[in-house]
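As stored in entry-v2.cif (mmCIF, C-alpha atoms):
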```cif
data_work
#
loop_
_atom_site.label_atom_id
_atom_site.label_comp_id
_atom_site.auth_asym_id
_atom_site.auth_seq_id
_atom_site.Cartn_x
_atom_site.Cartn_y
_atom_site.Cartn_z
CA GLU A 1 3.58 -25.66 -7.19
CA GLU A 2 1.39 -28.34 -5.62
CA ASP A 3 1.93 -29.89 -2.21
CA GLY A 4 1.25 -33.60 -2.85
CA ASP A 5 0.26 -34.38 0.75
CA LYS A 6 -2.23 -31.55 1.19
CA ASN A 7 -3.25 -30.95 -2.44
CA GLU A 8 -2.79 -27.22 -1.83
CA LYS A 9 -1.06 -24.63 -3.94
CA LEU A 10 2.09 -23.39 -2.23
CA TRP A 11 2.70 -19.67 -2.57
CA SER A 12 5.94 -17.94 -3.33
CA ILE A 13 6.42 -14.75 -1.35
CA TYR A 14 8.48 -11.73 -2.38
CA GLY A 15 8.70 -9.20 0.44
CA LEU A 16 9.80 -5.66 -0.33
CA ASP A 17 10.23 -2.84 2.15
CA LEU A 18 12.14 0.43 2.14
CA SER A 19 13.57 -0.51 5.53
CA SER A 20 16.38 -3.06 5.66
CA VAL A 21 15.51 -3.45 9.36
CA ALA A 22 11.99 -4.61 8.40
CA ILE A 23 13.41 -7.09 5.88
CA ASP A 24 15.89 -8.40 8.46
CA LEU A 25 12.98 -8.97 10.88
CA LEU A 26 11.05 -10.77 8.14
CA LYS A 27 14.01 -13.04 7.45
CA LYS A 28 14.14 -14.03 11.14
CA ASP A 29 10.56 -15.34 11.06
CA GLU A 30 10.49 -19.15 11.16
CA ARG A 31 7.76 -19.36 8.50
CA PHE A 32 9.78 -17.17 6.16
CA GLN A 33 12.94 -19.18 6.82
CA SER A 34 11.17 -22.45 6.09
CA ALA A 35 9.69 -21.15 2.83
CA SER A 36 13.03 -19.58 1.91
CA GLN A 37 14.80 -22.92 2.29
CA GLU A 38 12.21 -24.36 -0.12
CA GLY A 39 12.97 -21.55 -2.58
CA ARG A 40 9.56 -19.92 -2.09
CA ALA A 41 10.33 -16.79 0.00
CA PHE A 42 12.50 -13.81 -0.84
CA GLY A 43 13.04 -10.51 0.96
CA PHE A 44 14.49 -7.31 -0.44
CA ALA A 45 15.09 -3.82 0.89
CA ALA A 46 13.95 -1.68 -2.03
CA ASN A 47 12.56 1.73 -2.81
CA ILE A 48 9.53 1.23 -5.07
CA VAL A 49 10.09 4.68 -6.59
CA GLU A 50 13.44 3.46 -7.92
CA GLY A 51 12.07 0.07 -8.98
CA ALA A 52 11.83 -3.44 -7.65
CA PRO A 53 14.76 -5.88 -7.90
CA LEU A 54 14.91 -7.74 -11.24
CA GLU A 55 14.02 -10.97 -9.41
CA CYS A 56 10.59 -9.43 -8.76
CA ASN A 57 9.72 -8.67 -12.39
CA LYS A 58 6.40 -10.30 -13.42
CA VAL A 59 6.37 -12.79 -10.51
CA ALA A 60 3.41 -11.62 -8.42
CA ASP A 61 -0.15 -12.88 -8.48
CA ILE A 62 -0.91 -10.40 -5.68
CA ALA A 63 0.96 -7.29 -4.57
CA SER A 64 -0.15 -5.29 -1.56
CA LEU A 65 0.30 -1.58 -0.98
CA LEU A 66 -0.97 -0.99 2.54
CA PHE A 67 -0.41 2.51 3.91
CA CYS A 68 2.83 3.03 2.01
CA LEU A 69 1.98 4.98 -1.15
CA SER A 70 0.82 7.91 1.01
CA ALA A 71 4.38 8.36 2.33
CA ILE A 72 5.73 8.99 -1.18
CA ASP A 73 5.91 12.48 -2.64
CA PRO A 74 2.88 12.93 -4.96
CA GLU A 75 5.19 13.74 -7.87
CA LEU A 76 6.80 10.28 -7.52
CA GLN A 77 3.69 8.19 -6.84
CA SER A 78 3.06 7.43 -10.52
CA ARG A 79 6.55 5.96 -10.93
CA ALA A 80 6.08 3.88 -7.75
CA VAL A 81 2.74 2.48 -8.99
CA ARG A 82 4.21 1.62 -12.40
CA ASN A 83 7.09 -0.18 -10.66
CA VAL A 84 4.68 -2.18 -8.50
CA ALA A 85 2.60 -3.02 -11.59
CA ALA A 86 5.78 -4.36 -13.24
CA THR A 87 6.02 -7.02 -10.51
CA LEU A 88 2.63 -8.48 -11.49
CA LYS A 89 2.06 -11.43 -13.76
CA PRO A 90 -0.67 -10.90 -16.38
CA GLY A 91 -3.95 -11.11 -14.44
CA GLY A 92 -2.15 -10.24 -11.18
CA THR A 93 -3.80 -7.92 -8.68
CA VAL A 94 -2.67 -5.02 -6.48
CA VAL A 95 -4.60 -4.72 -3.23
CA PHE A 96 -4.47 -1.22 -1.80
CA ARG A 97 -5.49 0.64 1.33
CA ASP A 98 -4.34 4.07 2.43
CA TYR A 99 -5.49 7.38 3.88
CA GLY A 100 -8.55 9.03 2.33
CA ARG A 101 -9.18 12.70 1.80
CA LEU A 102 -10.62 14.50 4.84
CA ASP A 103 -9.53 11.84 7.32
CA GLU A 104 -9.45 13.43 10.77
CA SER A 105 -5.66 13.31 10.82
CA GLN A 106 -5.59 15.42 7.63
CA VAL A 107 -7.98 17.92 9.17
CA LYS A 108 -5.75 18.19 12.26
CA LEU A 109 -2.56 18.47 10.20
CA GLY A 110 -4.24 21.03 7.96
CA SER A 111 -4.86 23.30 10.93
CA GLN A 112 -1.07 23.62 11.34
CA ARG A 113 0.32 25.50 8.36
CA SER A 114 3.87 24.32 9.00
CA LYS A 115 2.76 20.70 8.42
CA LEU A 116 1.62 21.22 4.81
CA LEU A 117 4.29 20.30 2.24
CA LYS A 118 2.13 20.24 -0.90
CA GLU A 119 -1.58 20.06 -1.58
CA ASN A 120 -2.94 17.14 0.53
CA PHE A 121 0.65 16.10 1.48
CA TYR A 122 1.78 16.70 5.05
CA VAL A 123 4.62 15.98 7.46
CA LYS A 124 3.43 14.31 10.67
CA HIS A 125 4.74 14.82 14.21
CA ASP A 126 7.12 11.85 13.82
CA ALA A 127 8.62 13.38 10.62
CA THR A 128 6.93 10.82 8.35
CA LYS A 129 5.00 12.16 5.39
CA CYS A 130 1.42 11.46 4.45
CA TYR A 131 -0.71 12.08 1.36
CA PHE A 132 -4.52 11.83 1.53
CA PHE A 133 -6.10 10.24 -1.56
CA THR A 134 -9.37 10.50 -3.43
CA THR A 135 -10.68 7.66 -5.55
CA GLN A 136 -10.01 9.88 -8.58
CA ASP A 137 -6.32 10.15 -7.59
CA LEU A 138 -6.10 6.37 -7.53
CA GLU A 139 -7.94 5.88 -10.84
CA ARG A 140 -5.43 8.23 -12.43
CA LEU A 141 -2.41 6.48 -10.87
CA PHE A 142 -3.42 2.85 -11.33
CA ARG A 143 -5.63 2.91 -14.44
CA ASP A 144 -4.50 5.89 -16.48
CA GLU A 145 -0.78 5.90 -15.67
CA ALA A 146 0.02 2.24 -14.85
CA GLY A 147 -2.46 0.58 -17.23
CA LEU A 148 -4.23 -1.54 -14.60
CA GLU A 149 -7.94 -2.32 -14.56
CA VAL A 150 -9.97 -1.04 -11.61
CA VAL A 151 -11.64 -4.07 -10.00
CA GLU A 152 -13.01 -2.15 -7.01
CA LEU A 153 -12.35 1.23 -5.45
CA PHE A 154 -14.20 2.76 -2.52
CA TYR A 155 -13.97 4.78 0.69
CA ILE A 156 -14.14 3.28 4.15
CA ARG A 157 -15.56 5.73 6.67
CA ARG A 158 -15.62 5.01 10.40
CA LEU A 159 -16.52 6.95 13.52
CA TYR A 160 -14.66 5.94 16.65
CA LYS A 161 -16.12 7.10 19.94
CA ASN A 162 -14.08 7.29 23.14
CA ARG A 163 -16.66 7.15 25.91
CA SER A 164 -14.26 8.10 28.69
CA THR A 165 -13.28 11.38 27.01
CA ASP A 166 -16.56 11.78 25.10
CA THR A 167 -14.72 12.39 21.85
CA THR A 168 -15.33 11.03 18.39
CA ARG A 169 -12.75 10.49 15.66
CA ARG A 170 -13.73 10.47 11.99
CA ARG A 171 -11.51 8.19 9.93
CA VAL A 172 -11.46 7.88 6.15
CA TRP A 173 -9.49 5.32 4.17
CA VAL A 174 -9.58 4.40 0.51
CA GLN A 175 -9.38 0.77 -0.59
CA GLY A 176 -9.02 -0.76 -4.00
CA GLN A 177 -8.06 -3.70 -6.16
CA PHE A 178 -6.38 -3.21 -9.51
CA ARG A 179 -5.66 -5.97 -12.05
CA LYS A 180 -3.02 -6.24 -14.73
CA PRO A 181 -4.65 -7.13 -18.07
CA LEU A 182 -4.04 -10.63 -19.40
CA SER A 183 -2.58 -9.29 -22.64
#
```
Encoded form (C-alpha coordinates):
Amino acid sequence: EEDGDKNEKLWSIYGLDLSSVAIDLLKKDERFQSASQEGRAFGFAANIVEGAPLECNKVADIASLLFCLSAIDPELQSRAVRNVAATLKPGGTVVFRDYGRLDESQVKLGSQRSKLLKENFYVKHDATKCYFFTTQDLERLFRDEAGLEVVELFYIRRLYKNRSTDTTRRRVWVQGQFRKPLS
(Lines of atoms letter the chains of each structure in order from A and count residues from 1; the text may use other names and numbers.)
(Lines give C-alpha, C1' and ligand atoms only; values in the text may rest on other atoms or scores of the structure.)
Protein backbone atom coordinates (compact mmCIF):
# COMPACT_ATOMS: atom_id res chain seq x y z
CA GLU A 1 0.00 0.00 0.00
CA GLU A 2 1.34 3.44 -0.89
CA ASP A 3 1.03 6.54 1.26
CA GLY A 4 0.16 9.25 -1.29
CA ASP A 5 1.56 12.12 0.79
CA LYS A 6 4.93 10.57 1.54
CA ASN A 7 5.29 8.20 -1.42
CA GLU A 8 6.36 5.49 1.04
CA LYS A 9 5.28 1.89 1.28
CA LEU A 10 3.24 1.32 4.43
CA TRP A 11 3.98 -1.96 6.19
CA SER A 12 1.50 -4.36 7.66
CA ILE A 13 2.65 -5.86 10.95
CA TYR A 14 1.66 -9.23 12.37
CA GLY A 15 3.00 -9.66 15.90
CA LEU A 16 3.11 -13.13 17.43
CA ASP A 17 4.29 -14.03 20.90
CA LEU A 18 3.75 -16.99 23.20
CA SER A 19 2.84 -14.55 25.97
CA SER A 20 -0.60 -12.96 25.91
CA VAL A 21 0.84 -10.36 28.31
CA ALA A 22 3.40 -9.34 25.65
CA ILE A 23 0.67 -9.07 23.01
CA ASP A 24 -1.49 -7.00 25.37
CA LEU A 25 1.46 -4.62 25.88
CA LEU A 26 1.96 -4.41 22.11
CA LYS A 27 -1.69 -3.54 21.61
CA LYS A 28 -1.37 -0.64 24.08
CA ASP A 29 1.37 1.00 22.03
CA GLU A 30 0.07 4.11 20.24
CA ARG A 31 1.89 3.25 17.00
CA PHE A 32 0.35 -0.22 16.98
CA GLN A 33 -3.10 1.19 17.74
CA SER A 34 -2.84 3.70 14.91
CA ALA A 35 -1.73 1.06 12.40
CA SER A 36 -4.38 -1.34 13.71
CA GLN A 37 -7.12 1.23 13.08
CA GLU A 38 -5.82 1.46 9.49
CA GLY A 39 -6.02 -2.34 9.20
CA ARG A 40 -2.23 -2.73 9.07
CA ALA A 41 -1.34 -4.16 12.52
CA PHE A 42 -2.41 -7.42 14.12
CA GLY A 43 -1.30 -9.11 17.34
CA PHE A 44 -1.75 -12.73 18.33
CA ALA A 45 -0.74 -14.85 21.29
CA ALA A 46 0.43 -18.04 19.58
CA ASN A 47 2.77 -20.95 20.09
CA ILE A 48 4.84 -21.30 16.91
CA VAL A 49 5.26 -25.03 17.58
CA GLU A 50 1.49 -25.43 17.22
CA GLY A 51 1.27 -23.09 14.23
CA ALA A 52 0.50 -19.48 13.50
CA PRO A 53 -3.10 -18.22 13.24
CA LEU A 54 -4.63 -18.69 9.77
CA GLU A 55 -4.60 -14.89 9.32
CA CYS A 56 -0.80 -15.12 9.26
CA ASN A 57 -0.51 -17.66 6.43
CA LYS A 58 1.67 -16.35 3.56
CA VAL A 59 1.43 -12.69 4.65
CA ALA A 60 4.99 -11.87 5.73
CA ASP A 61 7.75 -10.25 3.72
CA ILE A 62 9.93 -10.48 6.83
CA ALA A 63 9.62 -12.66 9.91
CA SER A 64 12.00 -12.32 12.84
CA LEU A 65 13.07 -15.02 15.25
CA LEU A 66 15.20 -13.23 17.82
CA PHE A 67 16.26 -15.33 20.81
CA CYS A 68 13.10 -17.44 20.80
CA LEU A 69 13.90 -20.66 18.92
CA SER A 70 16.48 -21.54 21.59
CA ALA A 71 13.70 -21.78 24.21
CA ILE A 72 11.95 -24.55 22.26
CA ASP A 73 12.74 -28.21 22.86
CA PRO A 74 15.15 -29.35 20.09
CA GLU A 75 12.72 -32.10 19.07
CA LEU A 76 10.07 -29.43 18.29
CA GLN A 77 12.28 -26.81 16.63
CA SER A 78 11.78 -28.20 13.12
CA ARG A 79 8.00 -27.90 13.43
CA ALA A 80 8.35 -24.33 14.75
CA VAL A 81 10.60 -23.32 11.83
CA ARG A 82 8.22 -24.86 9.28
CA ASN A 83 5.33 -22.95 10.89
CA VAL A 84 7.26 -19.67 10.71
CA ALA A 85 8.17 -20.41 7.07
CA ALA A 86 4.44 -20.86 6.34
CA THR A 87 3.84 -17.21 7.30
CA LEU A 88 6.18 -16.00 4.52
CA LYS A 89 5.13 -14.85 1.10
CA PRO A 90 7.22 -16.28 -1.76
CA GLY A 91 10.53 -14.40 -1.58
CA GLY A 92 9.93 -13.54 2.10
CA THR A 93 12.81 -13.66 4.56
CA VAL A 94 13.32 -14.90 8.12
CA VAL A 95 15.88 -12.92 10.09
CA PHE A 96 17.34 -14.91 12.96
CA ARG A 97 19.62 -14.41 15.93
CA ASP A 98 20.07 -16.72 18.89
CA TYR A 99 22.62 -18.31 21.19
CA GLY A 100 25.66 -19.96 19.59
CA ARG A 101 27.45 -23.07 20.70
CA LEU A 102 30.07 -22.50 23.42
CA ASP A 103 28.65 -19.15 24.51
CA GLU A 104 29.90 -18.44 28.03
CA SER A 105 26.44 -19.01 29.46
CA GLN A 106 26.45 -22.54 27.99
CA VAL A 107 29.86 -23.21 29.50
CA LYS A 108 28.61 -22.06 32.91
CA LEU A 109 25.37 -24.04 32.64
CA GLY A 110 27.33 -27.07 31.46
CA SER A 111 29.37 -27.06 34.66
CA GLN A 112 26.14 -27.77 36.59
CA ARG A 113 24.92 -31.23 35.67
CA SER A 114 21.41 -30.57 36.97
CA LYS A 115 20.98 -27.82 34.34
CA LEU A 116 21.42 -30.11 31.31
CA LEU A 117 18.11 -31.34 29.86
CA LYS A 118 19.36 -32.70 26.53
CA GLU A 119 22.51 -32.27 24.49
CA ASN A 120 23.14 -28.48 24.23
CA PHE A 121 19.72 -27.77 25.84
CA TYR A 122 19.68 -26.39 29.39
CA VAL A 123 17.37 -24.95 32.02
CA LYS A 124 18.53 -21.55 33.30
CA HIS A 125 18.30 -20.16 36.83
CA ASP A 126 14.97 -18.45 36.00
CA ALA A 127 13.48 -21.79 34.78
CA THR A 128 13.59 -20.74 31.11
CA LYS A 129 15.19 -23.16 28.69
CA CYS A 130 17.97 -22.50 26.24
CA TYR A 131 19.46 -24.37 23.29
CA PHE A 132 22.85 -23.39 21.85
CA PHE A 133 23.04 -23.61 18.05
CA THR A 134 25.70 -24.30 15.45
CA THR A 135 25.39 -23.01 11.91
CA GLN A 136 24.94 -26.65 10.85
CA ASP A 137 21.90 -26.97 13.16
CA LEU A 138 20.34 -23.96 11.47
CA GLU A 139 21.11 -25.14 7.93
CA ARG A 140 19.35 -28.39 8.76
CA LEU A 141 16.32 -26.65 10.30
CA PHE A 142 15.81 -23.83 7.80
CA ARG A 143 17.16 -25.27 4.53
CA ASP A 144 16.78 -29.02 4.80
CA GLU A 145 13.59 -29.24 6.86
CA ALA A 146 11.71 -26.00 6.05
CA GLY A 147 12.84 -25.59 2.42
CA LEU A 148 14.24 -22.07 2.80
CA GLU A 149 17.33 -20.74 1.04
CA VAL A 150 20.27 -19.70 3.21
CA VAL A 151 21.03 -16.05 2.38
CA GLU A 152 23.61 -15.61 5.13
CA LEU A 153 24.58 -17.53 8.25
CA PHE A 154 27.46 -16.73 10.59
CA TYR A 155 28.67 -16.53 14.18
CA ILE A 156 29.03 -13.31 16.12
CA ARG A 157 31.76 -13.55 18.75
CA ARG A 158 32.35 -10.82 21.32
CA LEU A 159 34.55 -10.41 24.37
CA TYR A 160 33.17 -8.14 27.07
CA LYS A 161 35.63 -6.90 29.66
CA ASN A 162 34.55 -5.59 33.05
CA ARG A 163 37.43 -3.41 34.19
CA SER A 164 36.20 -3.00 37.75
CA THR A 165 36.15 -6.77 38.38
CA ASP A 166 38.85 -7.58 35.82
CA THR A 167 36.70 -10.28 34.25
CA THR A 168 36.01 -11.08 30.63
CA ARG A 169 32.88 -12.68 29.21
CA ARG A 170 32.97 -14.60 25.93
CA ARG A 171 29.68 -14.37 24.05
CA VAL A 172 28.71 -16.32 20.94
CA TRP A 173 25.56 -15.78 18.90
CA VAL A 174 24.52 -17.13 15.53
CA GLN A 175 22.78 -14.91 12.99
CA GLY A 176 21.16 -15.71 9.70
CA GLN A 177 18.75 -14.79 6.95
CA PHE A 178 16.69 -17.41 5.19
CA ARG A 179 14.48 -16.80 2.13
CA LYS A 180 11.40 -18.62 0.89
CA PRO A 181 11.83 -19.54 -2.79
CA LEU A 182 9.72 -17.62 -5.30
CA SER A 183 8.18 -20.82 -6.65
Just say which residues the PyMOL selection byres ((chain A and resi 70) around 8) picks in this file, as an NGL selection string. :A and (67-69 or 71-73 or 98-99 or 129-133)
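Shortest separation to Val150 (chain A) among A:Ala86, A:Val94, A:Leu182, A:Leu10 occurs at residue A:Val94, atoms counted being all atoms listed in the file.
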Residues near Thr168 (chain A), anyone? I mean within 12 Å using all atoms listed in the file, not counting same-chain ones fewer than 5 positions away, as a VMD selection string. chain A and resid 104 158 to 163
Expected file: the selected residues, C-alpha atoms, as a PDB file, in the coordinates of the input:
```
ATOM      1  CA  GLU A 104      -9.450  13.430  10.770  1.00  0.00           C
ATOM      2  CA  ARG A 158     -15.620   5.010  10.400  1.00  0.00           C
ATOM      3  CA  LEU A 159     -16.520   6.950  13.520  1.00  0.00           C
ATOM      4  CA  TYR A 160     -14.660   5.940  16.650  1.00  0.00           C
ATOM      5  CA  LYS A 161     -16.120   7.100  19.940  1.00  0.00           C
ATOM      6  CA  ASN A 162     -14.080   7.290  23.140  1.00  0.00           C
ATOM      7  CA  ARG A 163     -16.660   7.150  25.910  1.00  0.00           C
TER       8      ARG A 163
END
```
Please expand the PyMOL selection byres ((chain A and resi 38-48) around 10) into the concrete residues it hits in this file, giving the result as number ranges by chain. A: 1, 10-24, 26-27, 31-37, 49-53, 55-56, 68-69, 72, 76-77, 79-84
From CA of Val107 (chain A) to CA of Arg143 (chain A) the spacing works out at 28.1 Å
Can you list, as a VMD selection string, every protein, DNA or RNA residue that comes within 9 Å of Tyr155 (chain A) when you count all atoms listed in the file, leaving out same-chain residues fewer than 6 positions away? chain A and resid 100 134 to 135 172 to 176
Kindly give the distance, in Å, that separates CA of Phe96 (chain A) and CA of Glu75 (chain A), rounded to a single decimal.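 Atom-to-atom, CA of Phe96 (chain A) and CA of Glu75 (chain A) are spaced 18.8 Å apart.
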